[in-house]
Structures are given as structure tokens and as C-alpha cells.
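File shown: coords-v6.txt. Contents: compact mmCIF, C-alpha atoms and all ligand atoms.
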```txt
# COMPACT_ATOMS: atom_id res chain seq x y z
CA MET A 231 1.11 16.77 0.03
CA ALA A 232 2.40 13.27 0.82
CA SER A 233 2.01 12.43 4.46
CA ARG A 234 5.08 11.77 6.57
CA LEU A 235 3.95 8.57 8.23
CA ILE A 236 6.12 7.14 10.95
CA ALA A 237 5.87 3.35 11.11
CA SER A 238 4.71 2.07 14.48
CA SER A 239 5.15 -1.64 13.70
CA LEU A 240 6.29 -4.03 10.98
CA GLU A 241 2.71 -3.99 9.69
CA SER A 242 2.47 -0.19 9.28
CA THR A 243 1.57 0.91 5.77
CA VAL A 244 1.22 4.00 3.61
CA LYS A 245 -1.35 4.69 0.89
CA LEU A 246 0.53 5.76 -2.23
CA ASN A 247 -0.62 8.36 -4.78
CA ASP A 248 -2.00 5.55 -6.98
CA GLY A 249 -4.08 4.11 -4.13
CA VAL A 250 -1.77 1.13 -3.54
CA ILE A 251 -1.10 0.30 0.11
CA MET A 252 2.58 -0.33 0.85
CA PRO A 253 4.41 -1.45 4.02
CA LEU A 254 6.68 1.21 5.50
CA PHE A 255 9.44 -1.22 6.52
CA GLY A 256 11.14 -4.15 4.85
CA LEU A 257 14.26 -6.11 3.99
CA GLY A 258 16.70 -5.07 1.24
CA VAL A 259 18.39 -8.03 -0.45
CA TYR A 260 21.25 -6.49 -2.42
CA GLN A 261 24.18 -8.95 -2.55
CA ILE A 262 22.14 -11.70 -0.90
CA GLU A 263 22.89 -14.74 -2.98
CA ASN A 264 22.92 -18.37 -1.86
CA ASN A 265 20.90 -17.95 1.30
CA CYS A 266 18.28 -15.68 -0.30
CA PRO A 267 15.32 -18.11 -0.04
CA GLN A 268 16.01 -19.00 3.60
CA LEU A 269 16.66 -15.38 4.57
CA VAL A 270 13.50 -14.09 2.86
CA ALA A 271 11.41 -16.86 4.44
CA ALA A 272 12.93 -16.09 7.86
CA ALA A 273 12.25 -12.36 7.44
CA ILE A 274 8.65 -13.01 6.45
CA ASN A 275 8.16 -15.37 9.38
CA HIS A 276 9.57 -12.69 11.63
CA GLY A 277 6.90 -10.28 10.37
CA TYR A 278 8.66 -8.40 7.54
CA ARG A 279 6.09 -7.66 4.82
CA LEU A 280 8.21 -5.87 2.19
CA ILE A 281 11.18 -7.26 0.24
CA ASP A 282 13.28 -4.99 -1.97
CA THR A 283 15.05 -6.76 -4.85
CA ALA A 284 16.16 -5.80 -8.39
CA GLU A 285 17.17 -7.26 -11.73
CA PHE A 286 20.71 -6.08 -10.85
CA TYR A 287 20.77 -8.18 -7.63
CA HIS A 288 20.22 -11.46 -9.55
CA ASN A 289 18.04 -12.83 -6.79
CA GLU A 290 14.41 -12.30 -7.88
CA GLU A 291 14.17 -16.10 -8.15
CA GLY A 292 15.52 -16.48 -4.59
CA VAL A 293 12.93 -13.99 -3.37
CA GLY A 294 10.16 -15.95 -5.14
CA SER A 295 11.38 -19.21 -3.56
CA GLY A 296 11.64 -17.56 -0.14
CA LEU A 297 8.08 -16.31 -0.43
CA LYS A 298 6.89 -19.87 -1.28
CA GLN A 299 8.94 -21.34 1.60
CA SER A 300 7.42 -18.89 4.06
CA GLY A 301 3.97 -20.33 3.44
CA LYS A 302 2.45 -16.84 3.31
CA LYS A 303 -0.05 -15.99 0.60
CA ARG A 304 1.35 -13.96 -2.29
CA GLU A 305 -0.93 -11.01 -1.51
CA GLU A 306 0.39 -10.76 2.05
CA ILE A 307 3.89 -9.80 0.92
CA PHE A 308 4.85 -6.65 -0.97
CA ILE A 309 7.67 -7.16 -3.45
CA VAL A 310 9.61 -4.30 -4.99
CA SER A 311 11.88 -4.95 -7.97
CA LYS A 312 13.72 -2.70 -10.41
CA TRP A 313 14.64 -2.56 -14.07
CA TRP A 314 18.24 -1.57 -14.79
CA PRO A 315 17.71 1.13 -17.46
CA SER A 316 19.75 0.36 -20.55
CA ARG A 317 19.94 1.22 -24.23
CA GLU A 318 17.35 -1.50 -24.85
CA GLY A 319 14.66 0.96 -23.70
CA ALA A 320 10.99 -0.07 -23.71
CA GLN A 321 11.55 -3.56 -25.16
CA GLY A 322 14.29 -4.23 -22.62
CA ALA A 323 12.12 -3.05 -19.74
CA LEU A 324 9.21 -5.29 -20.75
CA LYS A 325 11.44 -8.32 -21.27
CA THR A 326 13.09 -7.73 -17.90
CA LEU A 327 9.70 -7.37 -16.22
CA ASP A 328 8.61 -10.74 -17.65
CA ARG A 329 11.81 -12.35 -16.34
CA CYS A 330 11.14 -10.74 -12.96
CA LEU A 331 7.64 -12.24 -12.79
CA LYS A 332 9.00 -15.65 -13.80
CA GLY A 333 11.64 -15.43 -11.04
CA LEU A 334 9.05 -14.37 -8.48
CA GLN A 335 6.68 -17.15 -9.66
CA SER A 336 3.95 -14.53 -9.75
CA ASP A 337 1.61 -12.86 -12.25
CA TYR A 338 2.50 -9.46 -10.85
CA VAL A 339 5.08 -7.47 -8.94
CA ASP A 340 3.76 -5.05 -6.31
CA MET A 341 6.12 -2.26 -7.24
CA TYR A 342 8.49 -1.83 -10.16
CA LEU A 343 11.11 0.92 -10.22
CA LEU A 344 13.33 2.41 -12.89
CA HIS A 345 16.58 1.75 -11.02
CA ALA A 346 18.23 5.04 -12.02
CA PRO A 347 17.99 7.90 -14.53
CA GLN A 348 20.43 6.32 -16.96
CA GLY A 349 20.58 4.36 -20.20
CA GLY A 350 19.12 7.11 -22.40
CA HIS A 351 15.58 5.67 -22.68
CA CYS A 352 13.80 6.21 -19.37
CA ALA A 353 10.77 8.08 -20.79
CA GLU A 354 9.90 5.43 -23.39
CA ALA A 355 10.49 2.63 -20.85
CA TYR A 356 8.32 4.40 -18.27
CA ARG A 357 5.49 4.66 -20.86
CA ALA A 358 5.79 0.95 -21.66
CA LEU A 359 5.76 0.06 -17.96
CA LEU A 360 2.64 2.20 -17.45
CA ASP A 361 0.99 -0.02 -20.08
CA ALA A 362 2.24 -3.12 -18.24
CA LYS A 363 0.65 -1.66 -15.11
CA LYS A 364 -2.68 -1.34 -16.93
CA GLN A 365 -2.36 -5.04 -17.84
CA GLY A 366 -1.94 -5.88 -14.16
CA LYS A 367 1.70 -6.99 -14.28
CA ILE A 368 2.75 -4.12 -11.99
CA ARG A 369 0.60 -2.75 -9.16
CA SER A 370 2.57 0.43 -8.59
CA LEU A 371 5.21 2.14 -10.73
CA GLY A 372 7.99 4.22 -9.22
CA VAL A 373 11.55 5.40 -9.73
CA SER A 374 14.86 5.27 -7.93
CA ASN A 375 17.78 7.68 -7.79
CA PHE A 376 15.76 10.38 -9.55
CA GLY A 377 16.82 13.95 -8.82
CA VAL A 378 14.40 16.88 -8.88
CA ALA A 379 15.20 17.60 -12.55
CA HIS A 380 14.31 14.02 -13.54
CA LEU A 381 11.02 14.15 -11.62
CA GLU A 382 10.17 17.50 -13.21
CA ALA A 383 11.00 16.11 -16.64
CA LEU A 384 8.61 13.17 -16.15
CA ALA A 385 5.88 15.63 -15.14
CA LYS A 386 6.63 17.85 -18.16
CA LEU A 387 6.23 14.85 -20.44
CA GLY A 388 2.71 14.46 -19.04
CA LEU A 389 3.45 10.99 -17.65
CA ASP A 390 1.73 9.68 -14.50
CA LYS A 391 3.57 10.57 -11.33
CA PRO A 392 5.78 7.82 -9.90
CA SER A 393 4.39 6.46 -6.63
CA VAL A 394 7.79 6.45 -4.90
CA ASN A 395 11.34 7.64 -5.36
CA GLN A 396 13.92 5.35 -3.73
CA ILE A 397 17.10 7.26 -2.84
CA GLU A 398 20.15 6.94 -0.59
CA LEU A 399 19.17 8.27 2.86
CA HIS A 400 21.01 8.15 6.17
CA PRO A 401 22.27 10.89 8.49
CA TRP A 402 25.28 11.60 6.25
CA GLN A 403 23.20 11.73 3.05
CA GLN A 404 19.89 13.51 3.47
CA LYS A 405 19.08 14.72 -0.05
CA LYS A 406 16.79 17.39 1.40
CA ASP A 407 15.93 18.98 -1.97
CA ILE A 408 14.69 15.68 -3.40
CA VAL A 409 12.80 14.75 -0.21
CA LYS A 410 11.12 18.19 -0.20
CA TYR A 411 10.10 17.92 -3.85
CA CYS A 412 8.72 14.40 -3.36
CA ARG A 413 6.71 15.42 -0.31
CA GLU A 414 5.29 18.48 -2.06
CA HIS A 415 4.25 16.32 -5.02
CA ASP A 416 2.82 13.34 -3.11
CA ILE A 417 5.62 10.96 -4.10
CA ALA A 418 6.52 8.63 -1.21
CA VAL A 419 10.15 8.68 -0.14
CA MET A 420 11.88 5.32 0.20
CA GLY A 421 15.36 5.41 1.71
CA TYR A 422 18.06 2.95 0.76
CA SER A 423 21.32 2.10 2.59
CA PRO A 424 19.87 3.23 5.95
CA LEU A 425 22.94 1.71 7.66
CA ALA A 426 25.26 3.51 5.21
CA LYS A 427 26.28 -0.04 4.24
CA GLY A 428 27.76 -0.48 7.72
CA HIS A 429 30.72 1.76 6.84
CA ARG A 430 30.09 4.17 9.73
CA ILE A 431 28.55 1.79 12.22
CA GLN A 432 31.49 2.54 14.56
CA ASP A 433 30.86 6.31 14.49
CA LYS A 434 31.61 7.73 17.94
CA THR A 435 28.55 10.00 18.17
CA VAL A 436 26.17 7.29 16.96
CA GLY A 437 27.75 4.98 19.55
CA GLU A 438 27.18 7.52 22.33
CA ILE A 439 23.52 7.98 21.41
CA ALA A 440 23.12 4.20 21.22
CA LYS A 441 24.64 3.76 24.65
CA LYS A 442 22.46 6.49 26.14
CA LEU A 443 19.29 4.89 24.75
CA SER A 444 20.42 1.28 25.40
CA LYS A 445 20.18 0.45 21.68
CA THR A 446 22.68 -0.71 19.08
CA PRO A 447 24.26 1.73 16.59
CA ALA A 448 22.39 -0.10 13.80
CA GLN A 449 19.08 0.48 15.57
CA ILE A 450 19.87 4.20 15.93
CA LEU A 451 20.52 4.54 12.18
CA ILE A 452 17.44 2.52 11.24
CA ARG A 453 15.26 4.45 13.69
CA TRP A 454 16.57 7.76 12.30
CA SER A 455 15.18 6.72 8.91
CA VAL A 456 11.86 5.47 10.32
CA GLN A 457 11.47 8.62 12.44
CA ASN A 458 11.98 10.78 9.35
CA GLY A 459 8.98 9.03 7.79
CA PHE A 460 10.99 7.26 5.09
CA ILE A 461 10.06 3.79 3.86
CA THR A 462 13.03 1.91 5.33
CA ILE A 463 14.73 -1.24 4.00
CA PRO A 464 17.85 -2.23 5.95
CA LYS A 465 19.76 -5.16 4.54
CA THR A 466 21.28 -7.97 6.51
CA SER A 467 22.55 -11.31 5.30
CA GLN A 468 22.31 -12.68 8.85
CA GLU A 469 19.07 -14.14 10.15
CA SER A 470 20.23 -13.35 13.69
CA ARG A 471 20.06 -9.61 12.90
CA LEU A 472 16.55 -9.58 11.41
CA GLN A 473 14.87 -9.16 14.77
CA SER A 474 17.04 -6.43 16.27
CA ASN A 475 17.00 -4.44 13.01
CA ALA A 476 13.21 -4.42 13.25
CA ASP A 477 13.05 -3.56 16.95
CA VAL A 478 12.78 0.13 16.19
CA PHE A 479 9.10 0.90 16.67
CA ASP A 480 8.31 1.14 20.38
CA TRP A 481 10.87 3.81 21.23
CA SER A 482 12.15 6.98 19.63
CA ILE A 483 15.26 9.11 19.38
CA PRO A 484 14.78 12.27 21.47
CA GLU A 485 14.64 15.51 19.52
CA GLU A 486 18.01 16.72 20.85
CA ASP A 487 19.73 13.55 19.52
CA MET A 488 17.86 13.76 16.20
CA LYS A 489 19.33 17.26 15.85
CA VAL A 490 22.83 15.89 16.44
CA LEU A 491 22.30 13.17 13.79
CA ASP A 492 20.68 15.65 11.37
CA ALA A 493 23.79 17.83 11.65
CA PHE A 494 25.86 15.04 10.00
CA GLY A 495 24.16 16.11 6.79
CA ASP A 496 26.13 19.37 6.88
CA LYS A 497 29.09 17.39 5.56
CA PRO A 498 27.40 15.09 3.06
CA TRP A 499 29.02 11.73 2.45
CA SER A 500 27.71 8.97 0.22
CA CYS A 501 28.30 5.25 0.77
CA THR A 502 27.50 4.38 -2.84
CA TRP A 503 26.83 5.74 -6.34
CA ASN A 504 24.95 8.96 -7.02
CA PRO A 505 23.03 8.98 -10.29
CA THR A 506 20.68 11.73 -9.04
CA ASN A 507 22.86 14.25 -10.89
CA ASN A 508 22.80 12.46 -14.27
CA THR A 509 21.80 14.72 -17.17
CA LEU A 510 18.35 14.47 -18.73
CA LYS A 511 20.09 13.24 -21.89
CA GLU A 512 21.82 10.38 -20.01
CA ALA A 513 18.41 9.50 -18.59
CA GLY A 514 16.48 9.87 -21.84
CA LEU A 515 14.00 12.27 -20.30
CA GLN A 516 14.28 15.33 -22.58
N1 LIG A 601 18.06 1.78 -5.58
C1 LIG A 601 19.36 1.72 -5.39
O1 LIG A 601 20.17 2.23 -6.18
C2 LIG A 601 19.87 1.03 -4.16
C3 LIG A 601 21.22 1.17 -3.81
C4 LIG A 601 21.65 0.53 -2.63
C5 LIG A 601 20.76 -0.22 -1.87
N2 LIG A 601 19.46 -0.36 -2.26
C6 LIG A 601 18.49 -1.17 -1.47
O2 LIG A 601 18.60 -0.82 -0.09
C7 LIG A 601 18.90 -1.97 0.68
C8 LIG A 601 19.74 -1.60 1.89
O3 LIG A 601 20.91 -0.91 1.52
P1 LIG A 601 22.38 -1.56 1.47
O4 LIG A 601 22.28 -3.02 1.24
O5 LIG A 601 23.14 -0.73 0.51
O6 LIG A 601 23.01 -1.29 2.89
P2 LIG A 601 22.52 -1.04 4.39
O7 LIG A 601 21.20 -1.65 4.65
O8 LIG A 601 22.74 0.39 4.67
O9 LIG A 601 23.68 -1.84 5.18
C9 LIG A 601 23.89 -3.20 5.02
C10 LIG A 601 25.19 -3.53 5.75
O10 LIG A 601 25.01 -3.32 7.15
C11 LIG A 601 25.32 -4.52 7.85
N3 LIG A 601 24.36 -4.68 8.96
C12 LIG A 601 23.07 -5.01 8.90
N4 LIG A 601 22.52 -5.07 10.12
C13 LIG A 601 23.52 -4.78 10.99
C14 LIG A 601 23.58 -4.71 12.40
N5 LIG A 601 22.52 -4.95 13.16
N6 LIG A 601 24.78 -4.40 12.97
C15 LIG A 601 25.89 -4.16 12.22
N7 LIG A 601 25.88 -4.23 10.86
C16 LIG A 601 24.70 -4.53 10.26
C17 LIG A 601 25.17 -5.63 6.84
O11 LIG A 601 26.00 -6.71 7.17
P3 LIG A 601 25.38 -8.20 7.35
O12 LIG A 601 24.79 -8.57 6.04
O13 LIG A 601 26.60 -8.99 7.72
O14 LIG A 601 24.38 -8.13 8.45
C18 LIG A 601 25.63 -4.96 5.56
O15 LIG A 601 27.03 -4.99 5.47
C19 LIG A 601 19.63 -2.88 -0.33
O16 LIG A 601 19.73 -4.22 0.10
C20 LIG A 601 18.78 -2.66 -1.54
O17 LIG A 601 17.59 -3.41 -1.42
C21 LIG A 601 19.01 0.28 -3.38
```
Would you give me this structure, written as C-alpha cells?
Ligand SMILES: NC(=O)c1ccc[n+]([C@@H]2O[C@H](COP(=O)([O-])OP(=O)(O)OC[C@H]3O[C@@H](n4cnc5c(N)ncnc54)[C@H](OP(=O)(O)O)[C@@H]3O)[C@@H](O)[C@H]2O)c1
Amino acid sequence: MASRLIASSLESTVKLNDGVIMPLFGLGVYQIENNCPQLVAAAINHGYRLIDTAEFYHNEEGVGSGLKQSGKKREEIFIVSKWWPSREGAQGALKTLDRCLKGLQSDYVDMYLLHAPQGGHCAEAYRALLDAKKQGKIRSLGVSNFGVAHLEALAKLGLDKPSVNQIELHPWQQKKDIVKYCREHDIAVMGYSPLAKGHRIQDKTVGEIAKKLSKTPAQILIRWSVQNGFITIPKTSQESRLQSNADVFDWSIPEEDMKVLDAFGDKPWSCTWNPTNNTLKEAGLQ
């Protein structure tokens, strides 16, 4: 059973099912473009140790430059990137991985994810990426947006378990069935869009809890994710927000307020796409 570790600082880590040690908190860089190097360097200098990028974000190169600018050693920073599953299958995944490493200016990426169960060739790509892992190009292989059926299909194919599943998680989108399956099968749960993309930052109830605890609404949402034991990667394009978004470790949301936030999940609402229901055929996992 995967442990439900609650981060107590920016340096807190979890040991994944493949033995790799991963930070529990980091910066997501979706839609970070021109200022990516400066932002990544600033985040690292602030103490962030995990950066979440993807082929789809077109900023792996910016992340690599930011890492260089920060002056930290490569092995001190944990970089997650993702392949956008397409009809190109295994060959496409390997080519994309090589481009990722070039962009990062690194011989390896710490974690590589299949971005979603789509494209019709996930099983063959996953096999190819397991080989790339053996060659040392990837330290840890995981998935994103996989539903329970996709995870079961991988297991049925006899393929190594993914180390993490990265899914949309915030009080309005709790995906309890997927979280339960992952925890029962020692797959770490990584939440994305912890701020629900900012769309509900003005929510009245979140505001009231924030006021009561003398925190910002953003800190309440980020802390909800941390307190649930999810690997948490809030995005901001603003250096001025890096610090407050990470000031979520030396306090907690009382149980009664967690219950109020948890109840938002009774009326699920998603701030983004939801490929977790794609068919096994769409994924290429039959
Ligand atoms: N695997 C997937 O399919 C997938 C999908 C979505 C996201 N992700 C990953 O998860 C990361 C985070 O998710 P996300 O980018 O979708 O959204 P998010 O982190 O939920 O929210 C980001 C939004 O919140 C705003 N924000 C940040 N800090 C704030 C604060 N202190 N007060 C008020 N607003 C604040 C940001 O604006 P500013 O930039 O102006 O601060 C931005 O508009 C992504 O960057 C990406 O790495 C993965």
C-alpha cells in the first residue's frame, strides 16, 4: 500500500515503487513561455526541487536553461516531463524523449509520463520507454490521466507498474476511485491543477476558511492537496507568488474545514480535460 505522506517542507520526499526518491511539492510550468528560465531559476532558488513540464508545454528547453541559471547541480532538481501519446507510438515516444533530453541539456529525465491514455499506442510506447529507462534515459516511468481501467490494462499486459499517476485533483475534482486504486497498488498520486486553474479562487466558502485561518484562498487550495498526501504542483507565472504558494507546510486546515472542502466533491466540476474515461482502444491498451 502506497503511503500517504504529507509534505512538511519543500524538501519533503516520497520513495516511489521503483525506489526513486521524489519531492512531494513543485512548480508546474504549463503555459509558461518567455519567462520560463527566470521563473524556474527563481523557484529553485526559493527552494522548489521539482519542476513539472511536458512536450506539450513547449518549454523543456526553458526548464533546462532555468536549471543551469539556478546554479544547482542537475541531481538536486527533479524534472518531470511527458510524452504526448500519438499515432507515432513507440518510435514517436523515443524521438520525443531524445528531444526532451536535448531541451533539458541532460542525459536523463527524472520522471517521464505518458501524458494521457490516447493516441492508440500507449502499450507499445510504454514498453519502449521501459527500455529507455533500462538505458538510464529515464529514472522513473509513470502515467497521467489514467483511469482505473487503464491502470488495470497495463497490469494485465504484464508491464511494470507506473510509479505515479498524475491526475486533476482539487476540492471540486477528487477522483476518489482512481486515488483509491493507486493507493492500494502502491502508485503515487500526483495532483495537477491544485488551484483549479484559478477559476474558483473567489469561492465564498474557500474565502471564509482563508479568512479564518489568516491565509490566502490559493494557500487553502494548495494546502488541501498537500494535506491529502498528493504530490502537489501549483503553477504560477509570477515570481512574487512562488513564496506564498509554498508557505503551506507549517500549518494545517482543521478537520472540520477539510470536511467542508471535501464536500465540494459531491458536485464534481472539472477545470480542464478529462481523458480518464477514454476507451482502452483509444489508449491502445487492449
Ligand atoms: N497532466 C496533465 O494533463 C496536466 C493538466 C493540467 C496541468 N498539469 C500540470 O499541473 C500544473 C498546475 O496546474 P495548472 O497550471 O492547470 O493550474 P493551477 O496550478 O491549478 O492554477 C494556475 C492558475 O492559478 C493562478 N495562481 C497561481 N498562484 C496564485 C495565487 N497565489 N493567487 C491567485 N491565483 C494564483 C495562476 O495565475 P498566475 O500565473 O498569474 O499566478 C494560474 O492562472 C501545470 O502547470 C502542469 O504542470 C498537468
- Message: Taking only C-alpha atoms into account, name the residue in A:Glu469, A:Glu398, A:Asp477, A:Asp390 that is nearest to A:Thr446.
- Response: A:Asp477
- List every protein, DNA or RNA residue that has at least one atom no more than 12 Å from (9.6, -16.0, -11.9) in the file's coordinates, counting all atoms listed in the file, and write the result as JSON, numbers by chain. {"A": [285, 288, 289, 290, 291, 292, 293, 294, 295, 297, 298, 311, 326, 327, 328, 329, 330, 331, 332, 333, 334, 335, 336, 337, 338, 339]}
- Of the listed residues A:Pro447, A:Gly428, A:Gly377, A:Gly421, that which approaches A:Gly258 most closely, counting all atoms listed in the file: A:Gly421
- Query: Which is closer to ligand LIG 601 (chain A) than all the others in A:Arg430, A:Lys441, A:His276, A:Lys511, using all atoms listed in the file?
  - Reply: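 Smallest separation from ligand LIG 601 (chain A) among the options: A:Arg430.
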Please report as CSV every residue of chain A lying within 8 Å of ligand LIG 601 (chain A), along with the nearest atom pair and their distance in Å (one decimal), using all atoms listed in the file.
```
residue,atom,partner,partner_atom,distance
A:Leu257,CA,A:LIG601,O17,6.9
A:Gly258,CA,A:LIG601,O17,3.3
A:Val259,CA,A:LIG601,O16,4.1
A:Tyr260,CA,A:LIG601,O16,3.7
A:Gln261,CA,A:LIG601,O16,7.0
A:Ile262,CA,A:LIG601,O16,7.9
A:Ile281,CA,A:LIG601,O17,7.7
A:Asp282,CA,A:LIG601,O17,4.6
A:Thr283,CA,A:LIG601,O17,5.4
A:Ala284,CA,A:LIG601,O17,7.5
A:Lys312,CA,A:LIG601,N1,7.9
A:His345,CA,A:LIG601,N1,5.6
A:Ala346,CA,A:LIG601,O1,6.8
A:Ser374,CA,A:LIG601,N1,5.3
A:Asn375,CA,A:LIG601,O1,6.2
A:Gln396,CA,A:LIG601,N1,5.8
A:Ile397,CA,A:LIG601,N1,6.2
A:Glu398,CA,A:LIG601,C3,6.7
A:Gly421,CA,A:LIG601,O2,7.2
A:Tyr422,CA,A:LIG601,O2,3.9
A:Ser423,CA,A:LIG601,O8,3.0
A:Pro424,CA,A:LIG601,O8,4.2
A:Leu425,CA,A:LIG601,O8,3.3
A:Ala426,CA,A:LIG601,O8,4.0
A:Lys427,CA,A:LIG601,O9,3.3
A:Gly428,CA,A:LIG601,O10,4.0
A:His429,CA,A:LIG601,O10,7.6
A:Ile431,CA,A:LIG601,C15,6.5
A:Thr446,CA,A:LIG601,N5,7.3
A:Pro447,CA,A:LIG601,N6,7.1
A:Ala448,CA,A:LIG601,N5,4.9
A:Gln449,CA,A:LIG601,N5,6.9
A:Ile463,CA,A:LIG601,C7,5.4
A:Pro464,CA,A:LIG601,O7,3.6
A:Lys465,CA,A:LIG601,O7,3.8
A:Thr466,CA,A:LIG601,O12,3.6
A:Ser467,CA,A:LIG601,O12,3.6
A:Gln468,CA,A:LIG601,O14,5.0
A:Arg471,CA,A:LIG601,N5,5.3
A:Leu472,CA,A:LIG601,N4,7.6
A:Ser474,CA,A:LIG601,N5,6.5
A:Asn475,CA,A:LIG601,N5,5.5
A:Cys501,CA,A:LIG601,O5,7.9
A:Thr502,CA,A:LIG601,C4,7.0
A:Trp503,CA,A:LIG601,O1,7.5
```
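With distances taken over all atoms listed in the file, A:Val394 is the one residue among A:Ala353, A:Val394, A:Leu387, A:Leu324 lying closest to A:Val373.
One distance worth recording is that between atom CA of A:Val478 and atom CA of A:Arg453, which is 5.6 Å.
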- Message: What's the separation between atom CA of A:Gly322 and atom CA of A:Gln516, in Å to one decimal place?
- Response: 19.6 Å
- Task: To one decimal in Å, tell me the separation between atom CA of A:Phe460 and atom CA of A:Ile417.
- Result: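 Atom CA of A:Phe460 sits 11.3 Å away from atom CA of A:Ile417.
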- Query: With distances taken over only C-alpha atoms, which of A:Trp402, A:Tyr278, A:Tyr411, A:Phe308 is nearest to A:Trp454?
  - Reply: A:Trp402
- Item | Neighbour list for A:Cys412 as a ChimeraX atom specification, cut-off 8 Å, only C-alpha atoms, skip fewer than 5 positions in-chain | /A:232,395,417-419
Write a file of the selected residues as a PDB file, keeping the file's coordinate frame, keeping C-alpha atoms.
```
ATOM      1  CA  ALA A 232       2.400  13.270   0.820  1.00  0.00           C
ATOM      2  CA  ASN A 395      11.340   7.640  -5.360  1.00  0.00           C
ATOM      3  CA  ILE A 417       5.620  10.960  -4.100  1.00  0.00           C
ATOM      4  CA  ALA A 418       6.520   8.630  -1.210  1.00  0.00           C
ATOM      5  CA  VAL A 419      10.150   8.680  -0.140  1.00  0.00           C
TER       6      VAL A 419
END
```
- Name the residues, using the chain letters and numbers of the file, that sit within 10 Å of (28.4, 11.2, 3.4) when counting all atoms listed in the file, and give them as a PyMOL selection string. chain A and resi 399-404+426+430+494-502
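If you measure from each of A:Gly437, A:Gly319, A:Gly296, A:Gly372 to A:His351 using only C-alpha atoms, the closest one turns out to be A:Gly319.
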- Message: For A:Asp340, find every residue with an atom within 6 Å (counting all atoms listed in the file), except residues of its own chain fewer than 6 positions away, and show them as a PyMOL selection string.
- Response: chain A and resi 308-309+368-369
Might you pull out every residue within 10 Å of A:Ile461, with all atoms listed in the file counted and same-chain residues fewer than 6 positions away left off, and present them as a compact mmCIF listing (two decimals) with C-alpha atoms, in the frame of the given file?
```txt
# COMPACT_ATOMS: atom_id res chain seq x y z
CA ARG A 234 5.08 11.77 6.57
CA LEU A 235 3.95 8.57 8.23
CA ILE A 236 6.12 7.14 10.95
CA ALA A 237 5.87 3.35 11.11
CA THR A 243 1.57 0.91 5.77
CA VAL A 244 1.22 4.00 3.61
CA MET A 252 2.58 -0.33 0.85
CA PRO A 253 4.41 -1.45 4.02
CA LEU A 254 6.68 1.21 5.50
CA PHE A 255 9.44 -1.22 6.52
CA GLY A 256 11.14 -4.15 4.85
CA LEU A 280 8.21 -5.87 2.19
CA VAL A 394 7.79 6.45 -4.90
CA GLN A 396 13.92 5.35 -3.73
CA ALA A 418 6.52 8.63 -1.21
CA VAL A 419 10.15 8.68 -0.14
CA MET A 420 11.88 5.32 0.20
CA GLY A 421 15.36 5.41 1.71
CA TYR A 422 18.06 2.95 0.76
CA SER A 455 15.18 6.72 8.91
```
Just write stretch 458-463 of chain A with all heavy atoms, as a short mmCIF file (atom, residue, chain, number, x, y, z; two decimals), in the first residue's frame, taken from the block above.
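Output file part04.cif is given in full below:
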```cif
data_model
loop_
_atom_site.label_atom_id
_atom_site.label_comp_id
_atom_site.auth_asym_id
_atom_site.auth_seq_id
_atom_site.Cartn_x
_atom_site.Cartn_y
_atom_site.Cartn_z
N ASN A 458 -3.91 16.10 1.72
CA ASN A 458 -4.44 14.82 1.25
C ASN A 458 -3.32 13.86 0.85
O ASN A 458 -3.59 12.75 0.40
CB ASN A 458 -5.36 15.05 0.05
CG ASN A 458 -6.80 15.23 0.48
OD1 ASN A 458 -7.41 14.31 1.01
ND2 ASN A 458 -7.32 16.42 0.30
N GLY A 459 -2.08 14.32 0.98
CA GLY A 459 -0.94 13.45 0.65
C GLY A 459 -0.68 13.33 -0.84
O GLY A 459 -0.03 12.39 -1.29
N PHE A 460 -1.15 14.30 -1.62
CA PHE A 460 -0.88 14.27 -3.06
C PHE A 460 0.42 15.01 -3.35
O PHE A 460 0.70 16.04 -2.71
CB PHE A 460 -2.01 14.96 -3.85
CG PHE A 460 -3.39 14.41 -3.59
CD1 PHE A 460 -4.49 15.25 -3.45
CD2 PHE A 460 -3.60 13.04 -3.49
CE1 PHE A 460 -5.76 14.75 -3.22
CE2 PHE A 460 -4.88 12.52 -3.25
CZ PHE A 460 -5.96 13.38 -3.12
N ILE A 461 1.18 14.53 -4.32
CA ILE A 461 2.31 15.32 -4.82
C ILE A 461 1.67 16.53 -5.50
O ILE A 461 0.76 16.37 -6.31
CB ILE A 461 3.17 14.48 -5.80
CG1 ILE A 461 3.72 13.24 -5.09
CG2 ILE A 461 4.30 15.35 -6.38
CD1 ILE A 461 4.28 12.18 -6.01
N THR A 462 2.12 17.73 -5.13
CA THR A 462 1.37 18.95 -5.47
C THR A 462 2.22 19.91 -6.28
O THR A 462 3.35 20.22 -5.88
CB THR A 462 0.89 19.61 -4.15
OG1 THR A 462 0.09 18.65 -3.44
CG2 THR A 462 0.05 20.84 -4.41
N ILE A 463 1.67 20.39 -7.42
CA ILE A 463 2.49 21.21 -8.34
C ILE A 463 1.74 22.46 -8.82
O ILE A 463 1.45 22.61 -10.00
CB ILE A 463 2.93 20.37 -9.56
CG1 ILE A 463 1.73 19.59 -10.16
CG2 ILE A 463 4.07 19.43 -9.21
CD1 ILE A 463 2.00 19.00 -11.55
#
```
